[in-house]
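Engineer: Handing over target16.cif, mmCIF, C-alpha atoms.
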data_model
#
loop_
_atom_site.label_atom_id
_atom_site.label_comp_id
_atom_site.auth_asym_id
_atom_site.auth_seq_id
_atom_site.Cartn_x
_atom_site.Cartn_y
_atom_site.Cartn_z
CA MET A 1 -65.52 7.93 0.95
CA ASN A 2 -68.25 6.22 -1.02
CA VAL A 3 -71.04 7.86 -2.94
CA VAL A 4 -74.45 7.54 -1.31
CA ALA A 5 -76.22 5.43 -3.92
CA LEU A 6 -79.69 6.66 -4.87
CA SER A 7 -82.55 4.16 -4.81
CA PRO A 8 -85.50 4.35 -7.24
CA PHE A 9 -87.51 5.49 -4.24
CA ASP A 10 -85.24 8.54 -3.80
CA LEU A 11 -85.78 9.49 -7.44
CA ALA A 12 -89.52 8.97 -7.12
CA LEU A 13 -89.54 11.45 -4.24
CA ALA A 14 -87.88 14.06 -6.43
CA ALA A 15 -90.30 13.24 -9.25
CA LEU A 16 -93.17 14.00 -6.85
CA LEU A 17 -91.93 17.60 -6.75
CA ILE A 18 -92.31 17.83 -10.53
CA LEU A 19 -95.78 16.31 -10.33
CA ALA A 20 -96.74 18.80 -7.63
CA LEU A 21 -95.44 21.66 -9.75
CA ALA A 22 -97.39 20.39 -12.79
CA GLY A 23 -100.51 20.05 -10.61
CA LEU A 24 -100.18 23.63 -9.42
CA SER A 25 -99.63 24.85 -12.98
CA TRP A 26 -102.82 23.03 -14.04
CA ARG A 27 -104.76 24.38 -11.08
CA LEU A 28 -103.68 27.98 -11.69
CA ARG A 29 -104.24 27.59 -15.47
CA ILE A 30 -100.67 28.61 -16.23
CA GLY A 31 -100.72 26.04 -19.01
CA SER A 32 -97.13 24.84 -18.84
CA GLU A 33 -97.85 21.50 -17.11
CA ARG A 34 -97.78 19.53 -20.35
CA GLU A 35 -94.45 20.99 -21.44
CA LEU A 36 -93.02 20.44 -17.98
CA LEU A 37 -94.04 16.77 -17.79
CA VAL A 38 -92.95 16.01 -21.34
CA SER A 39 -89.54 17.58 -20.87
CA ALA A 40 -89.08 15.87 -17.49
CA ALA A 41 -89.94 12.52 -19.03
CA ARG A 42 -87.71 13.26 -22.00
CA SER A 43 -84.72 14.11 -19.86
CA SER A 44 -85.20 10.96 -17.73
CA VAL A 45 -85.30 8.73 -20.79
CA GLN A 46 -82.36 10.47 -22.44
CA LEU A 47 -80.26 10.34 -19.30
CA VAL A 48 -81.04 6.67 -18.60
CA LEU A 49 -80.12 5.83 -22.18
CA ILE A 50 -76.85 7.75 -22.06
CA GLY A 51 -76.15 6.05 -18.72
CA PHE A 52 -76.32 2.67 -20.40
CA VAL A 53 -74.37 3.89 -23.43
CA LEU A 54 -71.62 5.20 -21.17
CA LYS A 55 -71.60 1.98 -19.16
CA LEU A 56 -71.04 -0.03 -22.34
CA LEU A 57 -68.54 2.47 -23.64
CA PHE A 58 -66.49 2.46 -20.44
CA ALA A 59 -66.38 -1.32 -20.56
CA THR A 60 -65.03 -1.49 -24.12
CA ALA A 61 -63.21 1.88 -24.38
CA HIS A 62 -62.73 1.28 -28.09
CA PRO A 63 -61.67 4.49 -29.90
CA LEU A 64 -64.15 3.81 -32.69
CA TRP A 65 -67.11 3.86 -30.31
CA VAL A 66 -65.81 6.94 -28.50
CA GLY A 67 -65.50 8.67 -31.88
CA LEU A 68 -68.98 7.58 -32.90
CA LEU A 69 -70.58 8.96 -29.75
CA ALA A 70 -68.61 12.20 -30.18
CA ALA A 71 -69.90 12.48 -33.76
CA VAL A 72 -73.50 11.95 -32.62
CA MET A 73 -73.08 14.63 -29.95
CA LEU A 74 -71.67 17.03 -32.54
CA ALA A 75 -74.50 16.39 -34.99
CA VAL A 76 -77.16 17.00 -32.33
CA ALA A 77 -75.42 20.21 -31.20
CA GLY A 78 -75.19 21.33 -34.85
CA ARG A 79 -78.92 20.78 -35.28
CA GLU A 80 -79.66 22.75 -32.10
CA VAL A 81 -77.59 25.70 -33.35
CA MET A 82 -79.46 25.59 -36.65
CA VAL A 83 -83.01 25.49 -35.28
CA ARG A 84 -82.36 28.33 -32.83
CA GLN A 85 -81.48 30.74 -35.65
CA LYS A 86 -84.18 33.22 -36.54
CA ARG A 87 -82.57 33.77 -39.96
CA ARG A 88 -80.47 30.78 -40.80
CA PHE A 89 -78.63 30.10 -44.01
CA VAL A 90 -80.68 28.27 -46.60
CA GLY A 91 -79.67 24.80 -47.68
CA GLY A 92 -76.84 22.81 -46.15
CA TRP A 93 -75.00 25.90 -44.95
CA GLY A 94 -77.52 26.40 -42.12
CA PHE A 95 -76.26 23.19 -40.55
CA ALA A 96 -72.66 23.38 -41.75
CA VAL A 97 -71.67 26.80 -40.41
CA GLY A 98 -72.36 25.94 -36.75
CA THR A 99 -71.35 22.29 -36.95
CA LEU A 100 -68.00 22.87 -38.63
CA SER A 101 -67.09 25.65 -36.22
CA MET A 102 -68.00 23.50 -33.23
CA PHE A 103 -66.00 20.65 -34.67
CA VAL A 104 -62.95 22.84 -35.13
CA SER A 105 -63.02 24.49 -31.72
CA SER A 106 -64.58 21.92 -29.36
CA PHE A 107 -62.72 18.92 -30.70
CA ALA A 108 -59.40 20.74 -30.87
CA VAL A 109 -59.71 22.05 -27.31
CA THR A 110 -60.87 18.68 -25.95
CA VAL A 111 -58.12 16.72 -27.64
CA LEU A 112 -55.54 19.27 -26.52
CA ALA A 113 -56.73 19.02 -22.91
CA LEU A 114 -56.80 15.21 -23.00
CA LEU A 115 -53.32 14.92 -24.49
CA LEU A 116 -51.41 17.72 -22.80
CA VAL A 117 -53.23 18.53 -19.57
CA ILE A 118 -54.84 15.33 -18.32
CA GLY A 119 -52.43 12.94 -20.00
CA ASN A 120 -54.44 9.81 -19.36
CA ASP A 121 -53.56 6.51 -21.01
CA PRO A 122 -55.08 5.97 -23.48
CA TRP A 123 -55.81 9.63 -24.11
CA TYR A 124 -59.27 8.93 -25.49
CA ALA A 125 -60.38 7.12 -22.29
CA PRO A 126 -64.15 7.73 -22.42
CA GLN A 127 -64.44 8.51 -18.67
CA TYR A 128 -62.60 11.74 -19.41
CA ALA A 129 -63.15 12.36 -23.10
CA ILE A 130 -66.95 12.18 -23.25
CA PRO A 131 -67.88 14.36 -20.25
CA LEU A 132 -65.22 16.91 -21.17
CA LEU A 133 -66.37 17.09 -24.78
CA GLY A 134 -69.98 17.31 -23.60
CA MET A 135 -69.31 20.30 -21.37
CA ILE A 136 -67.26 22.14 -23.99
CA LEU A 137 -69.69 21.33 -26.80
CA GLY A 138 -72.72 22.41 -24.77
CA ASN A 139 -71.26 25.81 -23.99
CA THR A 140 -69.76 26.35 -27.44
CA MET A 141 -73.18 25.58 -28.87
CA ASN A 142 -74.71 28.44 -26.88
CA GLY A 143 -72.01 30.90 -27.86
CA ILE A 144 -72.27 30.05 -31.54
CA SER A 145 -76.08 30.19 -31.51
CA LEU A 146 -76.05 33.64 -29.94
CA GLY A 147 -73.27 34.95 -32.16
CA LEU A 148 -74.75 33.72 -35.45
CA ASP A 149 -78.21 34.92 -34.55
CA ARG A 150 -76.87 38.37 -33.75
CA LEU A 151 -74.79 38.56 -36.93
CA THR A 152 -77.61 37.66 -39.31
CA GLN A 153 -80.12 39.89 -37.51
CA ASP A 154 -77.70 42.78 -37.57
CA ALA A 155 -76.83 42.32 -41.23
CA ALA A 156 -80.52 42.29 -42.14
CA GLU A 157 -81.23 45.40 -40.08
CA LYS A 158 -78.21 47.33 -41.32
CA ARG A 159 -78.56 46.24 -44.91
CA GLN A 160 -78.63 49.79 -46.26
CA VAL A 161 -75.58 50.87 -44.28
CA ILE A 162 -73.61 47.81 -45.39
CA GLU A 163 -74.59 48.35 -49.02
CA SER A 164 -73.61 52.02 -48.76
CA ARG A 165 -70.20 51.03 -47.50
CA LEU A 166 -69.82 48.59 -50.37
CA ALA A 167 -70.84 51.34 -52.78
CA LEU A 168 -68.12 53.54 -51.32
CA GLY A 169 -65.58 50.87 -52.19
CA HIS A 170 -65.15 49.23 -48.80
CA ASP A 171 -64.38 45.55 -49.10
CA SER A 172 -66.89 43.12 -47.61
CA ARG A 173 -64.80 42.42 -44.49
CA ARG A 174 -64.76 46.09 -43.66
CA ALA A 175 -68.40 46.67 -44.55
CA ILE A 176 -69.55 44.03 -42.03
CA ALA A 177 -66.79 44.56 -39.44
CA ASP A 178 -69.02 46.32 -36.89
CA SER A 179 -71.70 43.62 -36.98
CA ARG A 180 -69.07 40.91 -36.82
CA ARG A 181 -67.37 42.38 -33.77
CA GLU A 182 -70.68 42.83 -31.98
CA ALA A 183 -71.77 39.26 -32.75
CA ILE A 184 -68.56 37.77 -31.35
CA ARG A 185 -68.88 39.90 -28.21
CA VAL A 186 -72.49 38.76 -27.69
CA GLY A 187 -71.51 35.11 -28.18
CA MET A 188 -68.93 35.36 -25.42
CA ILE A 189 -71.13 37.08 -22.83
CA PRO A 190 -72.46 33.87 -21.18
CA ILE A 191 -69.05 32.33 -20.57
CA VAL A 192 -67.54 35.58 -19.33
CA ASN A 193 -70.47 35.94 -16.93
CA ALA A 194 -70.09 32.34 -15.81
CA MET A 195 -66.40 32.81 -15.07
CA SER A 196 -66.99 36.06 -13.17
CA ALA A 197 -69.76 34.61 -11.04
CA ALA A 198 -68.17 31.20 -10.43
CA GLY A 199 -67.73 30.41 -6.77
CA ILE A 200 -69.60 33.47 -5.53
CA VAL A 201 -72.99 33.43 -7.17
CA SER A 202 -72.93 29.85 -8.39
CA LEU A 203 -71.07 26.66 -7.63
CA PRO A 204 -70.53 25.21 -11.10
CA GLY A 205 -72.29 21.92 -11.79
CA MET A 206 -69.23 19.82 -12.43
CA MET A 207 -67.51 20.85 -9.23
CA THR A 208 -70.71 20.29 -7.25
CA GLY A 209 -70.98 16.84 -8.78
CA GLN A 210 -67.42 15.91 -7.89
CA ILE A 211 -67.87 17.14 -4.33
CA LEU A 212 -71.08 15.14 -3.98
CA ALA A 213 -69.17 12.12 -5.27
CA GLY A 214 -66.60 12.53 -2.50
CA THR A 215 -63.74 14.37 -4.19
CA PRO A 216 -61.90 16.73 -1.81
CA PRO A 217 -63.09 20.29 -2.58
CA VAL A 218 -59.66 21.60 -3.58
CA GLU A 219 -59.22 18.81 -6.15
CA ALA A 220 -62.70 19.52 -7.49
CA VAL A 221 -61.87 23.22 -7.71
CA LYS A 222 -58.77 22.51 -9.76
CA TYR A 223 -60.78 20.47 -12.23
CA GLN A 224 -63.42 23.17 -12.36
CA ILE A 225 -60.85 25.83 -13.19
CA LEU A 226 -59.45 23.64 -15.93
CA VAL A 227 -62.90 23.03 -17.34
CA MET A 228 -63.82 26.73 -17.17
CA PHE A 229 -60.75 27.67 -19.18
CA LEU A 230 -61.39 24.94 -21.71
CA ILE A 231 -65.01 26.00 -22.07
CA ALA A 232 -64.01 29.66 -22.47
CA ALA A 233 -61.44 28.76 -25.13
CA GLY A 234 -63.85 26.46 -26.96
CA THR A 235 -66.67 29.00 -26.88
CA GLY A 236 -64.49 31.96 -27.82
CA PHE A 237 -62.67 30.31 -30.71
CA GLY A 238 -65.83 28.56 -31.87
CA THR A 239 -67.83 31.79 -31.92
CA MET A 240 -65.06 33.62 -33.78
CA VAL A 241 -64.81 30.89 -36.39
CA ALA A 242 -68.58 30.59 -36.84
CA VAL A 243 -69.24 34.34 -37.03
CA SER A 244 -66.31 34.96 -39.41
CA PHE A 245 -67.35 32.04 -41.58
CA ALA A 246 -70.94 33.30 -41.69
CA ALA A 247 -69.84 36.90 -42.33
CA ARG A 248 -67.97 35.65 -45.39
CA ARG A 249 -70.90 33.61 -46.57
CA LEU A 250 -73.13 36.72 -46.46
CA PHE A 251 -71.23 38.08 -49.49
CA ASP A 252 -70.62 36.56 -52.89
CA GLU A 253 -67.50 36.59 -55.06
CA ARG A 254 -68.36 40.08 -56.38
CA GLN A 255 -68.66 41.23 -52.76
CA ARG A 256 -72.38 41.85 -52.87
CA LEU A 257 -74.46 41.45 -49.73
CA ARG A 258 -76.54 38.32 -50.22
CA LEU A 259 -79.34 38.37 -47.67
CA ASP A 260 -81.23 36.01 -49.97
CA ARG A 261 -78.92 33.32 -48.63
CA LEU A 262 -80.77 33.63 -45.33
CA ARG A 263 -84.19 32.25 -44.63
CA GLN A 264 -86.78 34.87 -43.84
CA PRO A 265 -88.09 34.54 -40.28
CA GLY A 266 -91.41 32.78 -40.07
CA THR A 267 -91.10 30.80 -43.32
CA MET B 1 -60.96 44.05 -61.43
CA PRO B 2 -61.87 43.51 -57.75
CA ALA B 3 -65.34 44.82 -56.91
CA PRO B 4 -64.21 47.44 -54.32
CA VAL B 5 -61.77 49.01 -56.81
CA TRP B 6 -64.46 49.12 -59.47
CA ARG B 7 -66.95 50.71 -57.07
CA ARG B 8 -64.46 53.39 -56.13
CA SER B 9 -64.07 54.39 -59.72
CA VAL B 10 -67.73 53.96 -60.77
CA ALA B 11 -69.45 55.40 -57.73
CA LEU B 12 -73.14 55.12 -56.90
CA LEU B 13 -74.68 57.86 -54.79
CA VAL B 14 -78.15 56.94 -53.53
CA ALA B 15 -80.80 59.47 -52.59
CA GLU B 16 -80.96 58.50 -48.94
CA SER B 17 -77.50 58.68 -47.39
CA GLN B 18 -76.36 56.08 -44.85
CA TRP B 19 -73.93 56.63 -41.98
CA TRP B 20 -72.26 54.00 -39.80
CA SER B 21 -70.45 56.13 -37.26
CA ALA B 22 -71.82 58.85 -34.97
CA ILE B 23 -69.37 61.56 -36.09
CA VAL B 24 -69.35 62.94 -39.63
CA GLY B 25 -65.54 63.05 -39.85
CA ASP B 26 -65.24 59.29 -39.26
CA HIS B 27 -66.65 58.79 -42.74
CA PHE B 28 -63.93 60.89 -44.38
CA GLU B 29 -60.74 58.90 -43.89
CA ASP B 30 -58.64 61.01 -46.19
CA GLY B 31 -60.16 64.27 -45.04
CA VAL B 32 -62.03 66.57 -47.36
CA ASP B 33 -61.11 69.60 -49.45
CA ALA B 34 -62.03 72.72 -47.41
CA ASP B 35 -62.87 74.46 -50.67
CA TRP B 36 -65.46 71.82 -51.54
CA LEU B 37 -67.05 72.20 -48.11
CA ALA B 38 -67.26 75.97 -48.59
CA ARG B 39 -68.77 75.60 -52.06
CA LEU B 40 -71.61 73.54 -50.57
CA ASP B 41 -72.06 76.12 -47.79
CA LEU B 42 -70.69 73.80 -45.10
CA PRO B 43 -68.20 75.00 -42.44
CA ALA B 44 -64.90 73.20 -41.83
CA ALA B 45 -66.30 72.31 -38.39
CA ALA B 46 -68.83 70.06 -40.15
CA MET B 47 -66.35 67.20 -39.81
CA ALA B 48 -66.90 67.26 -36.03
CA TRP B 49 -70.70 67.27 -36.31
CA GLN B 50 -72.84 64.44 -35.05
CA VAL B 51 -74.61 62.71 -37.91
CA ALA B 52 -77.82 62.43 -35.89
CA ARG B 53 -78.04 66.20 -35.53
CA CYS B 54 -77.55 67.02 -39.21
CA SER B 55 -80.56 67.89 -41.35
CA THR B 56 -81.43 65.68 -44.29
CA GLY B 57 -80.07 68.30 -46.67
CA GLU B 58 -76.78 68.59 -44.78
CA ARG B 59 -76.42 64.82 -44.87
CA GLN B 60 -77.11 64.73 -48.58
CA ARG B 61 -74.43 67.34 -49.31
CA LEU B 62 -71.95 65.60 -47.00
CA ALA B 63 -72.69 62.25 -48.67
CA LEU B 64 -71.91 63.78 -52.06
CA LEU B 65 -68.56 65.04 -50.77
CA ARG B 66 -67.87 61.64 -49.22
CA THR B 67 -68.26 60.05 -52.64
CA LEU B 68 -66.28 62.78 -54.46
CA THR B 69 -63.27 62.38 -52.11
CA GLN B 70 -62.78 58.94 -53.67
CA ALA B 71 -62.17 60.63 -57.05
CA PRO B 72 -64.53 58.43 -59.09
CA ALA B 73 -64.28 58.53 -62.88
CA VAL B 74 -68.00 57.86 -63.28
CA LEU B 75 -70.75 59.12 -60.98
CA LEU B 76 -74.14 57.43 -60.81
CA LEU B 77 -76.35 59.99 -59.09
CA ASP B 78 -79.85 59.18 -57.87
CA GLU B 79 -81.66 62.45 -57.13
CA PRO B 80 -78.53 64.11 -55.73
CA THR B 81 -80.40 67.33 -54.88
CA GLY B 82 -83.67 65.73 -53.79
CA ASN B 83 -83.65 67.18 -50.29
CA LEU B 84 -82.05 70.54 -51.06
CA ASP B 85 -83.44 74.06 -51.38
CA GLU B 86 -82.90 75.99 -54.58
CA GLU B 87 -79.73 77.74 -53.45
CA ASN B 88 -78.02 74.53 -52.39
CA THR B 89 -79.26 72.73 -55.49
CA LEU B 90 -77.42 75.28 -57.63
CA ARG B 91 -74.31 74.94 -55.46
CA VAL B 92 -74.28 71.16 -55.95
CA GLU B 93 -74.82 71.53 -59.70
CA SER B 94 -71.93 73.96 -59.99
CA LEU B 95 -69.57 71.78 -57.95
CA LEU B 96 -70.47 68.71 -60.02
CA ALA B 97 -70.02 70.63 -63.27
CA ASP B 98 -66.50 71.68 -62.23
CA TYR B 99 -65.68 68.17 -61.03
CA ARG B 100 -66.80 66.75 -64.37
CA LEU B 101 -64.60 69.17 -66.33
CA GLN B 102 -61.52 68.90 -64.11
CA ARG B 103 -61.52 65.09 -63.82
CA GLN B 104 -63.02 64.37 -67.25
CA ALA B 105 -65.65 62.39 -65.37
CA ALA B 106 -68.91 60.95 -66.71
CA LEU B 107 -72.15 61.62 -64.87
CA LEU B 108 -75.37 59.63 -65.03
CA TRP B 109 -77.91 61.81 -63.28
CA VAL B 110 -81.43 60.76 -62.30
CA SER B 111 -83.73 63.72 -61.69
CA HIS B 112 -87.40 64.64 -61.65
CA ASP B 113 -86.76 68.35 -61.98
CA LYS B 114 -87.18 69.43 -65.63
CA ARG B 115 -85.37 72.75 -65.16
CA GLN B 116 -82.46 70.94 -63.52
CA ILE B 117 -82.28 68.56 -66.46
CA GLU B 118 -82.12 71.53 -68.82
CA ARG B 119 -79.32 73.06 -66.76
CA VAL B 120 -77.08 70.01 -66.36
CA ALA B 121 -77.81 67.44 -69.07
CA GLN B 122 -75.95 66.94 -72.35
CA ARG B 123 -78.17 64.04 -73.31
CA HIS B 124 -81.59 63.48 -71.81
CA PHE B 125 -83.56 60.23 -71.56
CA VAL B 126 -87.01 59.52 -70.15
CA LEU B 127 -87.93 56.19 -68.64
CA ASP B 128 -91.54 55.56 -69.56
CA HIS B 129 -93.27 52.28 -68.70
CA GLY B 130 -89.96 50.46 -68.73
CA GLN B 131 -88.91 51.99 -72.08
CA LEU B 132 -86.01 54.41 -72.38
CA HIS B 133 -86.50 57.25 -74.89
CA GLU B 134 -83.95 59.87 -75.82
CA CYS B 135 -85.52 63.31 -75.53
CA GLY B 136 -82.76 65.77 -76.09
CA ARG B 137 -79.13 66.29 -76.92
CA ARG B 138 -77.02 69.38 -76.55
#
How would this structure read if it were set down as C-alpha cells?
Structural biologist:
Amino acid sequence: MNVVALSPFDLALAALLILALAGLSWRLRIGSERELLVSAARSSVQLVLIGFVLKLLFATAHPLWVGLLAAVMLAVAGREVMVRQKRRFVGGWGFAVGTLSMFVSSFAVTVLALLLVIGNDPWYAPQYAIPLLGMILGNTMNGISLGLDRLTQDAAEKRQVIESRLALGHDSRRAIADSRREAIRVGMIPIVNAMSAAGIVSLPGMMTGQILAGTPPVEAVKYQILVMFLIAAGTGFGTMVAVSFAARRLFDERQRLRLDRLRQPGT
Amino acid sequence: MPAPVWRRSVALLVAESQWWSAIVGDHFEDGVDADWLARLDLPAAAMAWQVARCSTGERQRLALLRTLTQAPAVLLLDEPTGNLDEENTLRVESLLADYRLQRQAALLWVSHDKRQIERVAQRHFVLDHGQLHECGRR
C-alpha cells in the first residue's frame, strides 16, 4: 500500500484552519493570533528544513553527519531545559546539568536500542537513529525540565529545614533526600501517564504515523511499545541523573547549602 | 574532619526550630532519654505527637533535646528559651547546666534576658554596634 502523497494544495487547506483560528482570535480580542501565526510559520519552516536535512542525510548515511545532527539536537534540547528553569544554576552549569544528563541517558538508550533491538546494518542508519533519538530526547527533555525545576524550587522553599538538618549533622545527601525523591517522581509523571493512557485515551503519534503510512496496525503497535519503553527508560534514567547531579551541585565541599549557585527568578 | 561529624560535635541550635517529618519521634533516630523529657516537663508520649499540633514552646524544648541526643561537645545556643515561660526557662537552664558538668561541654549562649545571663554565664560579652565587649566574669 502506498502513502497518499499530500499536494501543496492539501497543506494550504489545513493552513486555512490556522488562519481562521487567528482571525477569530483577532475578532474576539483574545490576543493570541500573533503568537499562533508566528509559531505556525516557525514550525513549517523548521519542518521543511529538517525534511531536506534528512533527505540529504539518508542519501549519504555518513556516521559523521548523523553524529553532527544528533549533537545539534542535543544542544537545542539542553538549551530548552535551561531556559525553562525558574531558578537555574548560574554560569555554565545551567546548561551542563541538563545537557550532560540527556547525553548520558538518551544516547545510551538510543544506541542500545539500535544495536541490540533493531539490529540494522549499519546500526547508525539515520532512518532509524534520528527519529528514535528525537523521540527519546524530546521526552527526556520534559522529564529533566520538570525534575530540575521542582528540585531547585523545593530546595529554595525548604532552605531552613535543609540547613537545620545539616546543623544536626546530617550529610548533604540525607538533608536533601526528600526534595530529591519528590523531584524525580515529578519528572516521571508525564511518561507514566502516557504509558497508562496509551491506546485508550490516546493513539501515540508514532504509531498513528506508521498506520497512516500503511504499516499493518500490529506491526505499528510493536514499534510503539518498543518506543514507549525506550522513552520511559530514557526519561527515568535521565531525570535521576540530572536531579542527583543538581542535588550534589547545591552543596559545596564543606556540605553547605549553596542557593547562591542558583539564579534568582526574575533576574 | 568531615563537616557532618564536626557539626555533630559543635552543634548549633537556632531559635526557630525546623521539622521535616510530621511526627516528632521521626526526628529522634536514637530515641531520647525519658529522664530528659521529664525534666523539660514533656511526657514520654511526646514522641508520638504531631509536630504541627505542638506549641512553639514545646517545639523549642523538643528541638533542644534533639540536639542534646547527639552528645555535642560544644553547644551554640541562639535564644534557647526565647519562647518559654519562666518555669520552663528554669527547667532548660537546669538541664543545660547538668549537661555541661556531666559532659564537660562548652556553651556559647545568646540571650537578651539579663537575669538569665546572671544565672547561667561564667563570662559575659555584649555585642554593641558590631563590637564585642567583655562585661563580666565569674
Engineer: Once the PyMOL selection byres ((chain A) within 10 of (chain B)) is applied to the coordinates I shared, what remains selected? I want it as a PyMOL selection string.
Structural biologist: chain A and resi 158+160-172+175+178+253-256
Engineer: Hey, what's within 9 Å of B:Leu65 if we count all atoms listed in the file and toss same-chain stuff fewer than 6 positions away? As a list in words, please?
Structural biologist: Phe28, Val32, Asp33, Trp36 and Leu37 of chain B
Engineer: Go ahead and dump the residues you just picked, C-alpha atoms, as a PDB file, keeping the file's coordinate frame.
Structural biologist:
ATOM      1  CA  PHE B  28     -63.930  60.890 -44.380  1.00  0.00           C
ATOM      2  CA  VAL B  32     -62.030  66.570 -47.360  1.00  0.00           C
ATOM      3  CA  ASP B  33     -61.110  69.600 -49.450  1.00  0.00           C
ATOM      4  CA  TRP B  36     -65.460  71.820 -51.540  1.00  0.00           C
ATOM      5  CA  LEU B  37     -67.050  72.200 -48.110  1.00  0.00           C
TER       6      LEU B  37
END
Engineer: Write out as a tab-separated table the residues of stretch 91-171 of chain A that have any atom within 10 Å of an atom of stretch 201-224 of chain A, one row each with the nearest atom pair and its distance in Å to one decimal, counting only C-alpha atoms, sorted by chain and then rising number.
Structural biologist:
residue	atom	partner	partner_atom	distance
A:Ile118	CA	A:Tyr223	CA	9.9
A:Pro131	CA	A:Met206	CA	9.6
A:Met135	CA	A:Met206	CA	9.0
Engineer: By how many Å are atom CA of A:Leu100 and atom CA of A:Asp252 apart?
Structural biologist: 19.9 Å
Engineer: Applied to this file, what does the PyMOL selection byres ((chain B and resi 111) around 9) return in terms of residues, put as a compact mmCIF listing (two decimals) with C-alpha atoms, keeping the file's coordinate frame?
Structural biologist:
# COMPACT_ATOMS: atom_id res chain seq x y z
CA LEU B 77 -76.35 59.99 -59.09
CA ASP B 78 -79.85 59.18 -57.87
CA GLU B 79 -81.66 62.45 -57.13
CA PRO B 80 -78.53 64.11 -55.73
CA THR B 81 -80.40 67.33 -54.88
CA GLY B 82 -83.67 65.73 -53.79
CA TRP B 109 -77.91 61.81 -63.28
CA VAL B 110 -81.43 60.76 -62.30
CA HIS B 112 -87.40 64.64 -61.65
CA ASP B 113 -86.76 68.35 -61.98
CA LYS B 114 -87.18 69.43 -65.63
CA GLN B 116 -82.46 70.94 -63.52
CA ILE B 117 -82.28 68.56 -66.46
Engineer: Select, from B:Asp30, B:Asp128, B:Glu58, B:Asp35, the residue with the minimum atom-to-atom distance to B:Thr89, counting all atoms listed in the file.
Structural biologist: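 Of the candidates, the smallest distance to B:Thr89 is held by B:Glu58.
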Engineer: Atom CA of A:Ile144 and atom CA of A:Ala156, how far apart in Å?
Structural biologist: 18.2 Å
Engineer: So how far away is atom CA of B:Gln50 from atom CA of A:Gln153, in Å?
Structural biologist: 25.7 Å
Engineer: Find the residues near A:Arg249: any atom within 12 Å, counting only C-alpha atoms, skip ones fewer than 5 places away on the same chain, and give them as a list in words.
Structural biologist: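 The contact residues come out as Arg88, Phe89, Val90, Trp93, Gly94, Ala96, Val97, Leu148, Leu151, Thr152, Ala155, Ser172, Arg173, Ile176, Ala242, Val243, Ser244, Gln255, Arg256, Leu257, Arg258, Leu259, Asp260, Arg261 and Leu262 of chain A.
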Engineer: Please produce an output containing C-alpha atoms for each residue in the selection, written as a PDB file, in the coordinates of the input.
Structural biologist:
ATOM      1  CA  ARG A  88     -80.470  30.780 -40.800  1.00  0.00           C
ATOM      2  CA  PHE A  89     -78.630  30.100 -44.010  1.00  0.00           C
ATOM      3  CA  VAL A  90     -80.680  28.270 -46.600  1.00  0.00           C
ATOM      4  CA  TRP A  93     -75.000  25.900 -44.950  1.00  0.00           C
ATOM      5  CA  GLY A  94     -77.520  26.400 -42.120  1.00  0.00           C
ATOM      6  CA  ALA A  96     -72.660  23.380 -41.750  1.00  0.00           C
ATOM      7  CA  VAL A  97     -71.670  26.800 -40.410  1.00  0.00           C
ATOM      8  CA  LEU A 148     -74.750  33.720 -35.450  1.00  0.00           C
ATOM      9  CA  LEU A 151     -74.790  38.560 -36.930  1.00  0.00           C
ATOM     10  CA  THR A 152     -77.610  37.660 -39.310  1.00  0.00           C
ATOM     11  CA  ALA A 155     -76.830  42.320 -41.230  1.00  0.00           C
ATOM     12  CA  SER A 172     -66.890  43.120 -47.610  1.00  0.00           C
ATOM     13  CA  ARG A 173     -64.800  42.420 -44.490  1.00  0.00           C
ATOM     14  CA  ILE A 176     -69.550  44.030 -42.030  1.00  0.00           C
ATOM     15  CA  ALA A 242     -68.580  30.590 -36.840  1.00  0.00           C
ATOM     16  CA  VAL A 243     -69.240  34.340 -37.030  1.00  0.00           C
ATOM     17  CA  SER A 244     -66.310  34.960 -39.410  1.00  0.00           C
ATOM     18  CA  GLN A 255     -68.660  41.230 -52.760  1.00  0.00           C
ATOM     19  CA  ARG A 256     -72.380  41.850 -52.870  1.00  0.00           C
ATOM     20  CA  LEU A 257     -74.460  41.450 -49.730  1.00  0.00           C
ATOM     21  CA  ARG A 258     -76.540  38.320 -50.220  1.00  0.00           C
ATOM     22  CA  LEU A 259     -79.340  38.370 -47.670  1.00  0.00           C
ATOM     23  CA  ASP A 260     -81.230  36.010 -49.970  1.00  0.00           C
ATOM     24  CA  ARG A 261     -78.920  33.320 -48.630  1.00  0.00           C
ATOM     25  CA  LEU A 262     -80.770  33.630 -45.330  1.00  0.00           C
TER      26      LEU A 262
END
Engineer: Just want the 7 Å neighbourhood of stretch 101-112 of chain A, counted on only C-alpha atoms, with same-chain residues fewer than 4 positions away dropped. Output as number ranges by chain.
Structural biologist: A: 97, 116, 132-133, 136-137, 140, 230, 234, 237-238, 241-242
Engineer: Using all atoms listed in the file, which of the listed residues (A:Leu54, A:Val3, A:Ala233, A:Ala246) sits closest to A:Phe95?
Structural biologist: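 Closest to A:Phe95 of all the choices is A:Ala246.
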Engineer: In terms of the shortest atom-to-atom distance over only C-alpha atoms, which of A:Ile184, A:Leu13, A:Leu28, A:Leu115 is closest to A:Ala247?
Structural biologist: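 Using only C-alpha atoms, A:Ala247 sits closest to A:Ile184.
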Engineer: Could you tell me which residues the PyMOL selection byres ((chain B and resi 41) around 10) returns for this structure, as a ChimeraX atom specification?
Structural biologist: /B:35-40,42-44,58,61,87-88,91-92
Engineer: With C-alpha atoms retained, could you export that selection as a CSV table (one decimal), keeping the file's coordinate frame?
Structural biologist:
chain,number,residue,atom,x,y,z
B,35,ASP,CA,-62.9,74.5,-50.7
B,36,TRP,CA,-65.5,71.8,-51.5
B,37,LEU,CA,-67.0,72.2,-48.1
B,38,ALA,CA,-67.3,76.0,-48.6
B,39,ARG,CA,-68.8,75.6,-52.1
B,40,LEU,CA,-71.6,73.5,-50.6
B,42,LEU,CA,-70.7,73.8,-45.1
B,43,PRO,CA,-68.2,75.0,-42.4
B,44,ALA,CA,-64.9,73.2,-41.8
B,58,GLU,CA,-76.8,68.6,-44.8
B,61,ARG,CA,-74.4,67.3,-49.3
B,87,GLU,CA,-79.7,77.7,-53.4
B,88,ASN,CA,-78.0,74.5,-52.4
B,91,ARG,CA,-74.3,74.9,-55.5
B,92,VAL,CA,-74.3,71.2,-56.0
Engineer: Can you tell me which residues surround A:Pro265 at a distance of at most 9 Å, considering all atoms listed in the file, apart from same-chain residues fewer than 5 positions away, and format the answer as number ranges by chain?
Structural biologist: A: 85-88
